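First up is the structure itself, then whatever we jot down about it.
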Amino acid sequence: MMIDRFRTGPRMSKIVRCSDLIFLSGQTSSGTSLADIVGQTREVLRRIDELLVEAGSDKSRLLSVTIYLRDMNFFGAMNAEWEAWLPEGAAPARATVEARMASPDLLVEMSVIAATQIRD
């Protein structure tokens with residue numbers, strides 16, 4: 001079984017690909033205190049798009065997403081951005097939980113598992 005790691009640092013890889021599965025590390029915004037939940041959600045989703053393409057996939061191949069919110073009061077606004085971003089018919093298994101973040105500026109983090117593109 002082949003395991004590929006991309007953007008690997010001392011503690012983690014941003015992408016791990018194993019067989020036909022892609023695992024993304026938890027994605028956050030840059031954490032600027034000026035960004036609200038809508039801005040941070042958009043940035044996280046943009047980062048997920050970029051990493052999936054780099055790994056050979058896209059958001060239509062999502063299998064599972066775990067979303068961490070600093071405050072569940074952000075749920076509605078985050079969900080509006082999520083629903084606008086997600087292709088119709090491509091909803092993954094998903095969980096959303098409230099969690100303490102690594103930095104007080106971070107409002108949302110998403111961890112993704114996706115399938116690779118179908119190969120000929």
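Here, A, B, ... name the chains of the structure tokens in the order displayed, residue numbers run from 1 inside each chain, and ligands are numbered from 1 in the same displayed order.
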Taking the backbone alone, and naming residues the way the document does, which bits of range 27-89 of chain A are alpha helix (DSSP H) by DSSP, as a ChimeraX atom specification? /A:37-55,75-85
As a PyMOL selection string, which residues of chain A does DSSP assign to strand (DSSP E or B)? chain A and resi 3-8+13-18+21-28+62-69+93-98+108-115
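Nearest to Leu52 in chain A of all the residues A:Ser111, A:Ser13, A:Thr66, A:Thr116 is A:Thr116, based on only C-alpha atoms.
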Using only C-alpha atoms, find the one residue out of A:Ala35, A:Met72, A:Ala55, A:Leu62 that sits nearest to Pro87 in chain A. A:Leu62
Extract, using only C-alpha atoms, all DNA, RNA and protein residues at most 12 Å from Arg42 in chain A, discarding same-chain residues fewer than 3 positions from it, and format them as number ranges by chain. A: 27-30, 35-39, 45-49, 77-86, 107-110
Please write the residues from the selection above to a file, keeping C-alpha atoms, as an mmCIF file, in the first residue's frame.
data_model
loop_
_atom_site.group_PDB
_atom_site.id
_atom_site.type_symbol
_atom_site.label_atom_id
_atom_site.label_comp_id
_atom_site.auth_asym_id
_atom_site.auth_seq_id
_atom_site.Cartn_x
_atom_site.Cartn_y
_atom_site.Cartn_z
ATOM 1 C CA GLN A 27 -7.784 23.608 7.954
ATOM 2 C CA THR A 28 -8.197 27.009 9.541
ATOM 3 C CA SER A 29 -8.147 30.583 8.332
ATOM 4 C CA SER A 30 -5.095 32.734 8.789
ATOM 5 C CA ALA A 35 -12.424 38.074 9.936
ATOM 6 C CA ASP A 36 -15.843 36.971 11.141
ATOM 7 C CA ILE A 37 -17.210 33.440 10.849
ATOM 8 C CA VAL A 38 -18.322 34.046 7.244
ATOM 9 C CA GLY A 39 -14.871 35.264 6.171
ATOM 10 C CA LEU A 45 -13.233 26.221 2.117
ATOM 11 C CA ARG A 46 -10.871 27.879 -0.384
ATOM 12 C CA ARG A 47 -7.911 26.148 1.284
ATOM 13 C CA ILE A 48 -9.711 22.807 1.159
ATOM 14 C CA ASP A 49 -10.376 23.307 -2.564
ATOM 15 C CA ALA A 77 -23.644 31.440 9.287
ATOM 16 C CA MET A 78 -21.043 28.703 8.724
ATOM 17 C CA ASN A 79 -23.706 26.399 7.264
ATOM 18 C CA ALA A 80 -24.851 29.084 4.789
ATOM 19 C CA GLU A 81 -21.299 29.309 3.400
ATOM 20 C CA TRP A 82 -20.925 25.524 3.410
ATOM 21 C CA GLU A 83 -24.178 25.011 1.488
ATOM 22 C CA ALA A 84 -23.236 27.643 -1.116
ATOM 23 C CA TRP A 85 -19.834 25.927 -1.611
ATOM 24 C CA LEU A 86 -20.892 22.259 -1.702
ATOM 25 C CA LEU A 107 -13.509 30.523 14.775
ATOM 26 C CA VAL A 108 -13.697 27.410 12.554
ATOM 27 C CA GLU A 109 -11.568 24.417 11.582
ATOM 28 C CA MET A 110 -12.404 21.606 9.151
#
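For the pair CA of Val16 in chain A and CA of Ile3 in chain A, the separation is 7.0 Å.
Take the candidates A:Val97, A:Ala114, A:Leu24, A:Ala102 and check each one against Leu51 in chain A using only C-alpha atoms; the shortest distance goes to A:Leu24.
Minimum atom-to-atom distances from A:Cys18, A:Ala90, A:Val44, A:Ile113 to Leu63 in chain A were compared using only C-alpha atoms, and the lowest value belongs to A:Ile113.
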Just how far from CA of Ala99 in chain A is CA of Ser64 in chain A, in Å to one decimal? 18.2 Å
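CA of Ser19 in chain A lies 16.2 Å from CA of Val53 in chain A.
Each of A:Phe75, A:Leu69, A:Gly56, A:Pro92 was compared to Leu106 in chain A using only C-alpha atoms, and A:Leu69 turns out to be the nearest.
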